[in-house]
Structure formats: C-alpha cells, structure tokens
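Source file: input-v6.csv; contents: CSV, N, CA and C atoms.
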```
chain,number,residue,atom,x,y,z
A,1,MET,N,0.8,-1.2,0.0
A,1,MET,CA,0.0,0.0,0.0
A,1,MET,C,0.9,1.3,0.0
A,2,ALA,N,0.3,2.4,0.2
A,2,ALA,CA,1.0,3.7,0.1
A,2,ALA,C,1.7,4.0,1.4
A,3,ARG,N,2.8,4.9,1.1
A,3,ARG,CA,3.5,5.5,2.2
A,3,ARG,C,2.9,6.9,2.4
A,4,ILE,N,2.4,7.1,3.6
A,4,ILE,CA,1.7,8.4,3.8
A,4,ILE,C,2.3,9.1,5.0
A,5,LEU,N,2.5,10.5,4.8
A,5,LEU,CA,3.0,11.3,5.8
A,5,LEU,C,1.8,12.1,6.3
A,6,LEU,N,1.6,12.0,7.6
A,6,LEU,CA,0.5,12.7,8.3
A,6,LEU,C,1.1,13.8,9.2
A,7,ALA,N,0.7,15.1,8.9
A,7,ALA,CA,1.1,16.2,9.7
A,7,ALA,C,-0.1,16.8,10.4
A,8,GLU,N,-0.2,16.6,11.7
A,8,GLU,CA,-1.4,17.0,12.4
A,8,GLU,C,-1.0,17.3,13.9
A,9,ASP,N,-1.3,18.5,14.4
A,9,ASP,CA,-0.9,18.8,15.7
A,9,ASP,C,-1.8,18.4,16.8
A,10,ASP,N,-3.0,18.0,16.5
A,10,ASP,CA,-4.0,17.5,17.5
A,10,ASP,C,-3.8,16.0,17.7
A,11,ASN,N,-3.4,15.6,18.9
A,11,ASN,CA,-3.0,14.2,19.1
A,11,ASN,C,-4.2,13.3,18.9
A,12,ALA,N,-5.4,13.7,19.3
A,12,ALA,CA,-6.5,12.8,19.1
A,12,ALA,C,-6.8,12.6,17.6
A,13,VAL,N,-6.8,13.7,16.8
A,13,VAL,CA,-7.1,13.6,15.4
A,13,VAL,C,-5.9,12.8,14.7
A,14,SER,N,-4.7,13.0,15.1
A,14,SER,CA,-3.6,12.3,14.5
A,14,SER,C,-3.7,10.8,14.8
A,15,ALA,N,-4.0,10.4,16.0
A,15,ALA,CA,-4.2,9.0,16.4
A,15,ALA,C,-5.3,8.4,15.6
A,16,PHE,N,-6.4,9.1,15.5
A,16,PHE,CA,-7.6,8.6,14.7
A,16,PHE,C,-7.2,8.3,13.3
A,17,VAL,N,-6.6,9.3,12.6
A,17,VAL,CA,-6.3,9.2,11.2
A,17,VAL,C,-5.2,8.1,11.0
A,18,LEU,N,-4.2,8.1,11.9
A,18,LEU,CA,-3.1,7.1,11.8
A,18,LEU,C,-3.6,5.7,11.8
A,19,ARG,N,-4.5,5.5,12.8
A,19,ARG,CA,-5.1,4.1,13.0
A,19,ARG,C,-5.9,3.7,11.8
A,20,ALA,N,-6.8,4.7,11.4
A,20,ALA,CA,-7.7,4.4,10.2
A,20,ALA,C,-6.9,4.0,9.0
A,21,LEU,N,-5.8,4.7,8.7
A,21,LEU,CA,-5.0,4.5,7.5
A,21,LEU,C,-4.2,3.2,7.6
A,22,GLN,N,-3.7,2.9,8.8
A,22,GLN,CA,-2.9,1.7,9.0
A,22,GLN,C,-3.8,0.5,8.9
A,23,LEU,N,-5.1,0.6,9.3
A,23,LEU,CA,-6.0,-0.5,9.2
A,23,LEU,C,-6.3,-0.8,7.7
A,24,ARG,N,-6.2,0.2,6.9
A,24,ARG,CA,-6.4,0.1,5.4
A,24,ARG,C,-5.1,-0.4,4.7
A,25,GLY,N,-4.1,-0.7,5.5
A,25,GLY,CA,-2.8,-1.3,5.0
A,25,GLY,C,-1.7,-0.3,4.6
A,26,HIS,N,-2.0,1.0,4.9
A,26,HIS,CA,-1.0,2.0,4.5
A,26,HIS,C,0.1,2.1,5.6
A,27,HIS,N,1.3,2.5,5.1
A,27,HIS,CA,2.4,2.8,6.0
A,27,HIS,C,2.4,4.3,6.3
A,28,VAL,N,2.1,4.6,7.6
A,28,VAL,CA,1.9,6.0,8.0
A,28,VAL,C,3.0,6.5,9.0
A,29,THR,N,3.5,7.6,8.7
A,29,THR,CA,4.4,8.3,9.6
A,29,THR,C,3.7,9.6,10.0
A,30,ALA,N,3.6,9.8,11.3
A,30,ALA,CA,2.8,10.9,11.9
A,30,ALA,C,3.8,11.9,12.5
A,31,VAL,N,3.6,13.2,12.2
A,31,VAL,CA,4.4,14.3,12.8
A,31,VAL,C,3.5,15.3,13.3
A,32,SER,N,4.0,16.2,14.1
A,32,SER,CA,3.1,17.2,14.8
A,32,SER,C,3.0,18.6,14.1
A,33,ASP,N,3.9,18.8,13.1
A,33,ASP,CA,3.8,20.2,12.5
A,33,ASP,C,4.6,20.1,11.2
A,34,GLY,N,4.5,21.2,10.5
A,34,GLY,CA,5.1,21.3,9.1
A,34,GLY,C,6.6,21.2,9.1
A,35,LEU,N,7.3,21.7,10.1
A,35,LEU,CA,8.7,21.6,10.2
A,35,LEU,C,9.2,20.1,10.3
A,36,ALA,N,8.5,19.4,11.2
A,36,ALA,CA,8.8,18.0,11.4
A,36,ALA,C,8.4,17.2,10.1
A,37,ALA,N,7.4,17.7,9.4
A,37,ALA,CA,7.1,17.0,8.1
A,37,ALA,C,8.2,17.2,7.1
A,38,LEU,N,8.8,18.4,7.0
A,38,LEU,CA,9.9,18.6,6.1
A,38,LEU,C,11.1,17.7,6.5
A,39,ASP,N,11.4,17.5,7.8
A,39,ASP,CA,12.4,16.6,8.2
A,39,ASP,C,12.1,15.2,7.7
A,40,ALA,N,10.9,14.7,7.9
A,40,ALA,CA,10.5,13.4,7.5
A,40,ALA,C,10.6,13.2,6.0
A,41,LEU,N,10.2,14.2,5.2
A,41,LEU,CA,10.3,14.2,3.8
A,41,LEU,C,11.8,14.1,3.3
A,42,ALA,N,12.7,14.7,4.1
A,42,ALA,CA,14.1,14.7,3.7
A,42,ALA,C,14.7,13.3,4.0
A,43,ALA,N,14.1,12.6,4.9
A,43,ALA,CA,14.6,11.3,5.3
A,43,ALA,C,14.0,10.1,4.5
A,44,ASP,N,12.8,10.2,4.0
A,44,ASP,CA,12.1,9.1,3.4
A,44,ASP,C,11.2,9.6,2.3
A,45,PRO,N,10.9,8.8,1.3
A,45,PRO,CA,9.9,9.1,0.2
A,45,PRO,C,8.5,8.8,0.7
A,46,PHE,N,7.6,9.6,0.2
A,46,PHE,CA,6.1,9.3,0.6
A,46,PHE,C,5.3,9.5,-0.7
A,47,ASP,N,4.2,8.8,-0.7
A,47,ASP,CA,3.3,8.9,-1.8
A,47,ASP,C,2.2,10.0,-1.7
A,48,LEU,N,1.9,10.3,-0.4
A,48,LEU,CA,0.9,11.2,-0.1
A,48,LEU,C,1.2,12.0,1.2
A,49,LEU,N,0.9,13.3,1.2
A,49,LEU,CA,1.0,14.1,2.4
A,49,LEU,C,-0.5,14.4,2.8
A,50,VAL,N,-0.8,14.1,4.1
A,50,VAL,CA,-2.1,14.5,4.6
A,50,VAL,C,-1.8,15.5,5.7
A,51,THR,N,-2.2,16.7,5.6
A,51,THR,CA,-1.8,17.7,6.5
A,51,THR,C,-3.0,18.6,7.0
A,52,ASP,N,-2.9,19.0,8.2
A,52,ASP,CA,-3.8,20.0,8.8
A,52,ASP,C,-3.3,21.3,8.2
A,53,ILE,N,-4.2,22.3,8.2
A,53,ILE,CA,-3.8,23.6,7.7
A,53,ILE,C,-3.2,24.4,8.9
A,54,VAL,N,-3.9,24.4,10.0
A,54,VAL,CA,-3.5,25.2,11.2
A,54,VAL,C,-2.6,24.4,12.1
A,55,MET,N,-1.3,24.7,12.1
A,55,MET,CA,-0.3,24.0,12.9
A,55,MET,C,0.7,25.0,13.4
A,56,PRO,N,1.4,24.7,14.5
A,56,PRO,CA,2.5,25.6,14.9
A,56,PRO,C,3.7,25.4,14.0
A,57,GLY,N,4.6,26.3,14.1
A,57,GLY,CA,5.9,26.1,13.4
A,57,GLY,C,5.7,26.5,11.9
A,58,MET,N,5.2,25.6,11.1
A,58,MET,CA,4.9,25.8,9.7
A,58,MET,C,3.5,25.3,9.5
A,59,ASP,N,2.6,26.2,9.0
A,59,ASP,CA,1.3,25.7,8.8
A,59,ASP,C,1.2,24.9,7.5
A,60,GLY,N,0.0,24.3,7.3
A,60,GLY,CA,-0.2,23.4,6.1
A,60,GLY,C,-0.1,24.1,4.8
A,61,ILE,N,-0.5,25.3,4.7
A,61,ILE,CA,-0.4,26.1,3.5
A,61,ILE,C,1.1,26.2,3.1
A,62,ALA,N,1.9,26.7,4.0
A,62,ALA,CA,3.3,26.9,3.7
A,62,ALA,C,4.0,25.5,3.4
A,63,LEU,N,3.5,24.5,4.1
A,63,LEU,CA,4.0,23.1,3.9
A,63,LEU,C,3.7,22.7,2.5
A,64,ALA,N,2.4,22.9,2.1
A,64,ALA,CA,2.0,22.4,0.7
A,64,ALA,C,2.7,23.2,-0.4
A,65,LEU,N,3.0,24.4,-0.2
A,65,LEU,CA,3.8,25.2,-1.2
A,65,LEU,C,5.2,24.7,-1.3
A,66,LYS,N,5.8,24.4,-0.2
A,66,LYS,CA,7.2,23.8,-0.2
A,66,LYS,C,7.2,22.4,-0.8
A,67,VAL,N,6.3,21.6,-0.4
A,67,VAL,CA,6.2,20.2,-1.0
A,67,VAL,C,5.9,20.3,-2.4
A,68,GLY,N,5.0,21.1,-2.9
A,68,GLY,CA,4.7,21.3,-4.3
A,68,GLY,C,5.9,21.7,-5.1
A,69,ARG,N,6.8,22.5,-4.5
A,69,ARG,CA,8.0,22.9,-5.2
A,69,ARG,C,9.1,21.8,-5.2
A,70,ASP,N,9.3,21.2,-4.0
A,70,ASP,CA,10.4,20.3,-3.8
A,70,ASP,C,10.1,18.9,-4.2
A,71,HIS,N,8.8,18.5,-4.1
A,71,HIS,CA,8.4,17.1,-4.4
A,71,HIS,C,7.1,17.2,-5.3
A,72,PRO,N,7.3,17.6,-6.6
A,72,PRO,CA,6.2,17.9,-7.4
A,72,PRO,C,5.3,16.7,-7.7
A,73,GLY,N,5.7,15.5,-7.6
A,73,GLY,CA,4.9,14.4,-7.8
A,73,GLY,C,4.1,13.9,-6.6
A,74,MET,N,4.3,14.5,-5.5
A,74,MET,CA,3.6,14.1,-4.3
A,74,MET,C,2.2,14.6,-4.2
A,75,LYS,N,1.3,13.8,-3.9
A,75,LYS,CA,-0.1,14.2,-3.8
A,75,LYS,C,-0.3,14.8,-2.4
A,76,ILE,N,-1.2,15.7,-2.3
A,76,ILE,CA,-1.5,16.4,-1.0
A,76,ILE,C,-3.0,16.5,-0.7
A,77,LEU,N,-3.3,16.1,0.5
A,77,LEU,CA,-4.7,16.1,1.0
A,77,LEU,C,-4.6,17.0,2.3
A,78,MET,N,-5.5,18.0,2.3
A,78,MET,CA,-5.5,18.9,3.5
A,78,MET,C,-6.7,18.7,4.3
A,79,MET,N,-6.6,19.0,5.6
A,79,MET,CA,-7.7,18.9,6.6
A,79,MET,C,-7.8,20.3,7.3
A,80,SER,N,-9.0,20.7,7.7
A,80,SER,CA,-9.2,21.9,8.5
A,80,SER,C,-10.5,22.0,9.1
A,81,GLY,N,-10.6,22.4,10.3
A,81,GLY,CA,-11.8,22.7,11.0
A,81,GLY,C,-12.3,24.1,10.9
A,82,TYR,N,-11.5,24.9,10.2
A,82,TYR,CA,-11.8,26.4,10.1
A,82,TYR,C,-12.1,26.7,8.7
A,83,ALA,N,-13.3,27.2,8.5
A,83,ALA,CA,-13.8,27.5,7.1
A,83,ALA,C,-13.0,28.5,6.4
A,84,HIS,N,-12.5,29.6,7.1
A,84,HIS,CA,-11.7,30.6,6.4
A,84,HIS,C,-10.3,30.0,6.0
A,85,GLU,N,-9.8,29.0,6.8
A,85,GLU,CA,-8.6,28.4,6.4
A,85,GLU,C,-8.8,27.5,5.2
A,86,ARG,N,-9.9,26.8,5.1
A,86,ARG,CA,-10.2,26.0,4.0
A,86,ARG,C,-10.3,26.8,2.7
A,87,GLN,N,-10.8,28.1,2.9
A,87,GLN,CA,-10.9,29.0,1.7
A,87,GLN,C,-9.5,29.4,1.3
A,88,ARG,N,-8.6,29.6,2.2
A,88,ARG,CA,-7.2,29.9,1.8
A,88,ARG,C,-6.6,28.8,1.0
A,89,ALA,N,-6.9,27.5,1.4
A,89,ALA,CA,-6.3,26.4,0.7
A,89,ALA,C,-6.9,26.2,-0.7
A,90,HIS,N,-8.1,26.7,-0.9
A,90,HIS,CA,-8.7,26.6,-2.3
A,90,HIS,C,-7.9,27.4,-3.3
A,91,ASN,N,-7.1,28.3,-2.9
A,91,ASN,CA,-6.2,29.0,-3.8
A,91,ASN,C,-5.1,28.1,-4.3
A,92,LEU,N,-4.9,27.0,-3.7
A,92,LEU,CA,-3.9,26.0,-4.0
A,92,LEU,C,-4.4,24.8,-4.8
A,93,GLU,N,-5.5,25.0,-5.5
A,93,GLU,CA,-6.1,23.8,-6.1
A,93,GLU,C,-5.2,23.1,-7.1
A,94,ALA,N,-4.2,23.8,-7.7
A,94,ALA,CA,-3.3,23.1,-8.6
A,94,ALA,C,-2.3,22.2,-7.8
A,95,LEU,N,-2.1,22.4,-6.5
A,95,LEU,CA,-1.2,21.6,-5.7
A,95,LEU,C,-1.9,20.5,-4.9
A,96,ILE,N,-3.1,20.8,-4.5
A,96,ILE,CA,-3.7,19.8,-3.5
A,96,ILE,C,-4.9,19.1,-4.2
A,97,HIS,N,-5.1,17.9,-3.6
A,97,HIS,CA,-6.2,17.1,-4.2
A,97,HIS,C,-7.6,17.6,-3.6
A,98,LYS,N,-7.6,17.9,-2.3
A,98,LYS,CA,-8.9,18.2,-1.6
A,98,LYS,C,-8.6,18.8,-0.3
A,99,VAL,N,-9.5,19.6,0.2
A,99,VAL,CA,-9.5,20.0,1.6
A,99,VAL,C,-10.7,19.3,2.3
A,100,LEU,N,-10.4,18.5,3.3
A,100,LEU,CA,-11.4,17.7,4.0
A,100,LEU,C,-11.8,18.5,5.2
A,101,PRO,N,-13.1,18.9,5.4
A,101,PRO,CA,-13.5,19.6,6.6
A,101,PRO,C,-13.5,18.7,7.8
A,102,LYS,N,-13.1,19.2,8.9
A,102,LYS,CA,-13.2,18.6,10.2
A,102,LYS,C,-14.5,19.0,10.9
A,103,PRO,N,-15.1,18.2,11.6
A,103,PRO,CA,-14.8,16.8,11.9
A,103,PRO,C,-15.2,15.9,10.7
A,104,PHE,N,-14.5,14.8,10.5
A,104,PHE,CA,-14.8,13.8,9.5
A,104,PHE,C,-14.9,12.4,10.1
A,105,SER,N,-15.5,11.6,9.4
A,105,SER,CA,-15.7,10.2,9.8
A,105,SER,C,-14.5,9.3,9.3
A,106,LEU,N,-14.4,8.1,9.8
A,106,LEU,CA,-13.4,7.2,9.4
A,106,LEU,C,-13.6,6.9,7.9
A,107,ASP,N,-14.8,6.7,7.4
A,107,ASP,CA,-15.0,6.5,6.0
A,107,ASP,C,-14.6,7.7,5.2
A,108,GLU,N,-14.9,8.9,5.7
A,108,GLU,CA,-14.6,10.1,4.9
A,108,GLU,C,-13.1,10.3,4.7
A,109,ILE,N,-12.3,10.1,5.8
A,109,ILE,CA,-10.9,10.2,5.6
A,109,ILE,C,-10.3,9.1,4.8
A,110,CYS,N,-10.8,7.9,4.9
A,110,CYS,CA,-10.2,6.8,4.1
A,110,CYS,C,-10.6,7.0,2.6
A,111,THR,N,-11.8,7.4,2.4
A,111,THR,CA,-12.2,7.7,1.0
A,111,THR,C,-11.4,8.8,0.4
A,112,ALA,N,-11.2,9.9,1.1
A,112,ALA,CA,-10.4,11.0,0.6
A,112,ALA,C,-9.0,10.6,0.3
A,113,VAL,N,-8.4,9.8,1.1
A,113,VAL,CA,-7.1,9.3,0.9
A,113,VAL,C,-7.0,8.4,-0.3
A,114,GLU,N,-8.0,7.5,-0.5
A,114,GLU,CA,-8.0,6.6,-1.6
A,114,GLU,C,-8.2,7.4,-2.9
A,115,GLU,N,-9.0,8.4,-2.9
A,115,GLU,CA,-9.3,9.2,-4.1
A,115,GLU,C,-8.0,10.0,-4.4
A,116,ALA,N,-7.3,10.5,-3.4
A,116,ALA,CA,-6.1,11.3,-3.7
A,116,ALA,C,-5.0,10.4,-4.3
A,117,LEU,N,-4.9,9.2,-3.7
A,117,LEU,CA,-3.9,8.2,-4.2
A,117,LEU,C,-4.2,7.8,-5.7
A,118,ALA,N,-5.5,7.7,-6.0
A,118,ALA,CA,-5.9,7.2,-7.3
A,118,ALA,C,-5.9,8.3,-8.4
A,119,ALA,N,-5.8,9.6,-7.9
A,119,ALA,CA,-5.8,10.7,-8.9
A,119,ALA,C,-4.6,10.8,-9.7
A,120,PRO,N,-4.7,11.2,-11.0
A,120,PRO,CA,-3.6,11.3,-11.9
A,120,PRO,C,-2.6,12.3,-11.4
```

I need this file expressed as structure tokens, please.
Amino acid sequence: MARILLAEDDNAVSAFVLRALQLRGHHVTAVSDGLAALDALAADPFDLLVTDIVMPGMDGIALALKVGRDHPGMKILMMSGYAHERQRAHNLEALIHKVLPKPFSLDEICTAVEEALAAP
C-alpha cells in the first residue's frame, strides 16, 4: 500500500487518522507540525501528504507550497476545522487534491485518501 506522511498537531485527530489508514494497509508516519514534516520528507519518500492547515511552526499552506515545489509528484490532502482556512487552501487547487473539513468520519478520511492516491 501507500507510504503516507501525516502532519497534524492535535493528538486525538492524529491518532484517529493514523489508525484508520494503518487498518487500510498503509504505512503512515505521523508528525506534529510542518517543520517535522519537512524533516520526514528529507529522510524518506512518501506517496501522499495528509496535513492539517493550522499548525504551529509551519502551517499546512506553507508546507503544501514547499512540498509542491520540492516534491512535485507528491499528492497532498489537506484537513481543516476552520472555514476561512479551507478557503485559503482553495487558492492552492493546482497543488492539492482536496480540503477535507473537520470533523470527518473514518469512512470520509479513508475515501479521501484513496481518491487522492488514485488521482492522476
């Protein structure tokens, strides 16, 4: 299955998404912010970045811009509980697959990940 990098600062959300994706057979590395995500990307290749938008250090928007520049083939799925932050991400439609609104269900996150992985 896919190698997925999960950047999420909320421990409960991170644990939920991590477990859901592992149960689907994916290899998931979880980090708590964008700076840690950059370190993980420098160490290992990933098929998909799943990132929150609002995080300390480096937010998901800045992370998506950097990943889009440095890893142009990587697919990006964003998550946010803030409507105005989701709107900011819509300006990045060329880089990201989707912005998944929080809260989401197990099926919603797994479907969004599978769609992102299957996208050209």

task: Please run DSSP on the backbone and report, as a VMD selection string, all residues within chain A that come out as alpha helix (DSSP H).
output: chain A and resid 11 to 23 34 to 43 60 to 70 83 to 89 106 to 118

Practice task
DSSP on the backbone, then: every residue of chain A marked strand (DSSP E), written as a ChimeraX atom specification.
Solution key: /A:3-7,27-31,48-52,75-80,98-101

With N, CA and C atoms kept, could you save the residues just selected as a short mmCIF file (atom, residue, chain, number, x, y, z; two decimals), keeping the file's coordinate frame?
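What landed in again19.cif:
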```cif
data_model
loop_
_atom_site.label_atom_id
_atom_site.label_comp_id
_atom_site.auth_asym_id
_atom_site.auth_seq_id
_atom_site.Cartn_x
_atom_site.Cartn_y
_atom_site.Cartn_z
N ARG A 3 2.80 4.90 1.10
CA ARG A 3 3.50 5.50 2.20
C ARG A 3 2.90 6.90 2.40
N ILE A 4 2.40 7.10 3.60
CA ILE A 4 1.70 8.40 3.80
C ILE A 4 2.30 9.10 5.00
N LEU A 5 2.50 10.50 4.80
CA LEU A 5 3.00 11.30 5.80
C LEU A 5 1.80 12.10 6.30
N LEU A 6 1.60 12.00 7.60
CA LEU A 6 0.50 12.70 8.30
C LEU A 6 1.10 13.80 9.20
N ALA A 7 0.70 15.10 8.90
CA ALA A 7 1.10 16.20 9.70
C ALA A 7 -0.10 16.80 10.40
N HIS A 27 1.30 2.50 5.10
CA HIS A 27 2.40 2.80 6.00
C HIS A 27 2.40 4.30 6.30
N VAL A 28 2.10 4.60 7.60
CA VAL A 28 1.90 6.00 8.00
C VAL A 28 3.00 6.50 9.00
N THR A 29 3.50 7.60 8.70
CA THR A 29 4.40 8.30 9.60
C THR A 29 3.70 9.60 10.00
N ALA A 30 3.60 9.80 11.30
CA ALA A 30 2.80 10.90 11.90
C ALA A 30 3.80 11.90 12.50
N VAL A 31 3.60 13.20 12.20
CA VAL A 31 4.40 14.30 12.80
C VAL A 31 3.50 15.30 13.30
N LEU A 48 1.90 10.30 -0.40
CA LEU A 48 0.90 11.20 -0.10
C LEU A 48 1.20 12.00 1.20
N LEU A 49 0.90 13.30 1.20
CA LEU A 49 1.00 14.10 2.40
C LEU A 49 -0.50 14.40 2.80
N VAL A 50 -0.80 14.10 4.10
CA VAL A 50 -2.10 14.50 4.60
C VAL A 50 -1.80 15.50 5.70
N THR A 51 -2.20 16.70 5.60
CA THR A 51 -1.80 17.70 6.50
C THR A 51 -3.00 18.60 7.00
N ASP A 52 -2.90 19.00 8.20
CA ASP A 52 -3.80 20.00 8.80
C ASP A 52 -3.30 21.30 8.20
N LYS A 75 1.30 13.80 -3.90
CA LYS A 75 -0.10 14.20 -3.80
C LYS A 75 -0.30 14.80 -2.40
N ILE A 76 -1.20 15.70 -2.30
CA ILE A 76 -1.50 16.40 -1.00
C ILE A 76 -3.00 16.50 -0.70
N LEU A 77 -3.30 16.10 0.50
CA LEU A 77 -4.70 16.10 1.00
C LEU A 77 -4.60 17.00 2.30
N MET A 78 -5.50 18.00 2.30
CA MET A 78 -5.50 18.90 3.50
C MET A 78 -6.70 18.70 4.30
N MET A 79 -6.60 19.00 5.60
CA MET A 79 -7.70 18.90 6.60
C MET A 79 -7.80 20.30 7.30
N SER A 80 -9.00 20.70 7.70
CA SER A 80 -9.20 21.90 8.50
C SER A 80 -10.50 22.00 9.10
N LYS A 98 -7.60 17.90 -2.30
CA LYS A 98 -8.90 18.20 -1.60
C LYS A 98 -8.60 18.80 -0.30
N VAL A 99 -9.50 19.60 0.20
CA VAL A 99 -9.50 20.00 1.60
C VAL A 99 -10.70 19.30 2.30
N LEU A 100 -10.40 18.50 3.30
CA LEU A 100 -11.40 17.70 4.00
C LEU A 100 -11.80 18.50 5.20
N PRO A 101 -13.10 18.90 5.40
CA PRO A 101 -13.50 19.60 6.60
C PRO A 101 -13.50 18.70 7.80
#
```

Asp33 (chain A): which residues within 6 Å, counting only C-alpha atoms, same-chain residues fewer than 4 positions away excluded, as a PyMOL selection string? chain A and resi 7+9+55

Those residues with N, CA and C atoms, as a compact mmCIF listing (two decimals), in the coordinates of the input please?
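Generated file (again35.txt):
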```txt
# COMPACT_ATOMS: atom_id res chain seq x y z
N ALA A 7 0.70 15.10 8.90
CA ALA A 7 1.10 16.20 9.70
C ALA A 7 -0.10 16.80 10.40
N ASP A 9 -1.30 18.50 14.40
CA ASP A 9 -0.90 18.80 15.70
C ASP A 9 -1.80 18.40 16.80
N MET A 55 -1.30 24.70 12.10
CA MET A 55 -0.30 24.00 12.90
C MET A 55 0.70 25.00 13.40
```

ask   = atom N of Val17 (chain A) and atom C of Arg69 (chain A) are how many Å apart?
value =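 So the answer is 26.8 Å.
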
Pairwise distance, atom C of Met1 (chain A) with atom C of Val13 (chain A), equals 19.9 Å

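Closest approach to Cys110 (chain A) among A:Ile61, A:Leu5, A:Ala42, A:Leu21: A:Leu21, based on all atoms listed in the file.
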
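Atom pair CA of Glu115 (chain A) / CA of Ile4 (chain A): separated by 13.6 Å.
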
Give the centre and edge lengths of an axis-aligned box, in Å to one decimal, that holds all listed atoms of region 38-49 of chain A with 8 Å on each side, as lines of an AutoDock Vina configuration file.
```
center_x = 7.1
center_y = 13.7
center_z = 3.2
size_x = 31.2
size_y = 25.8
size_z = 26.0
```

How would you write as a list in words the residues that get within 8 Å of (0.6, 21.0, -9.0) in the file's frame, counting only N, CA and C atoms?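 Residues close enough to count: Gly68, Arg69, Pro72, Gly73, Leu92, Glu93, Ala94, Leu95 and Ile96 of chain A.
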
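Distances here use all atoms listed in the file; by that measure, the residue among A:Ala20, A:Val50, A:Ala64, A:Ala15 closest to Leu77 (chain A) is A:Val50.
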
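When only C-alpha atoms are used to compute distances to Leu41 (chain A), the closest of the residues A:Val113, A:Leu23, A:Ile53, A:Val67 turns out to be A:Val67.
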
Pick from A:Leu48, A:Phe104, A:Gln22, A:Ala37 nearest to Arg3 (chain A), counting all atoms listed in the file: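 Among the listed residues, the smallest separation from Arg3 (chain A) belongs to A:Leu48.
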
Self-check item: Selected residue, from A:Ala2, A:Ile76, A:Ala12, A:Leu49, that lies nearest to His27 (chain A) when counting only C-alpha atoms
Solution: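 Using only C-alpha atoms, the shortest distance to His27 (chain A) belongs to A:Ala2.
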
Counting all atoms listed in the file, the residue among A:Val54, A:Leu38, A:Met79, A:Leu106 that lies closest to Phe16 (chain A) is A:Leu106
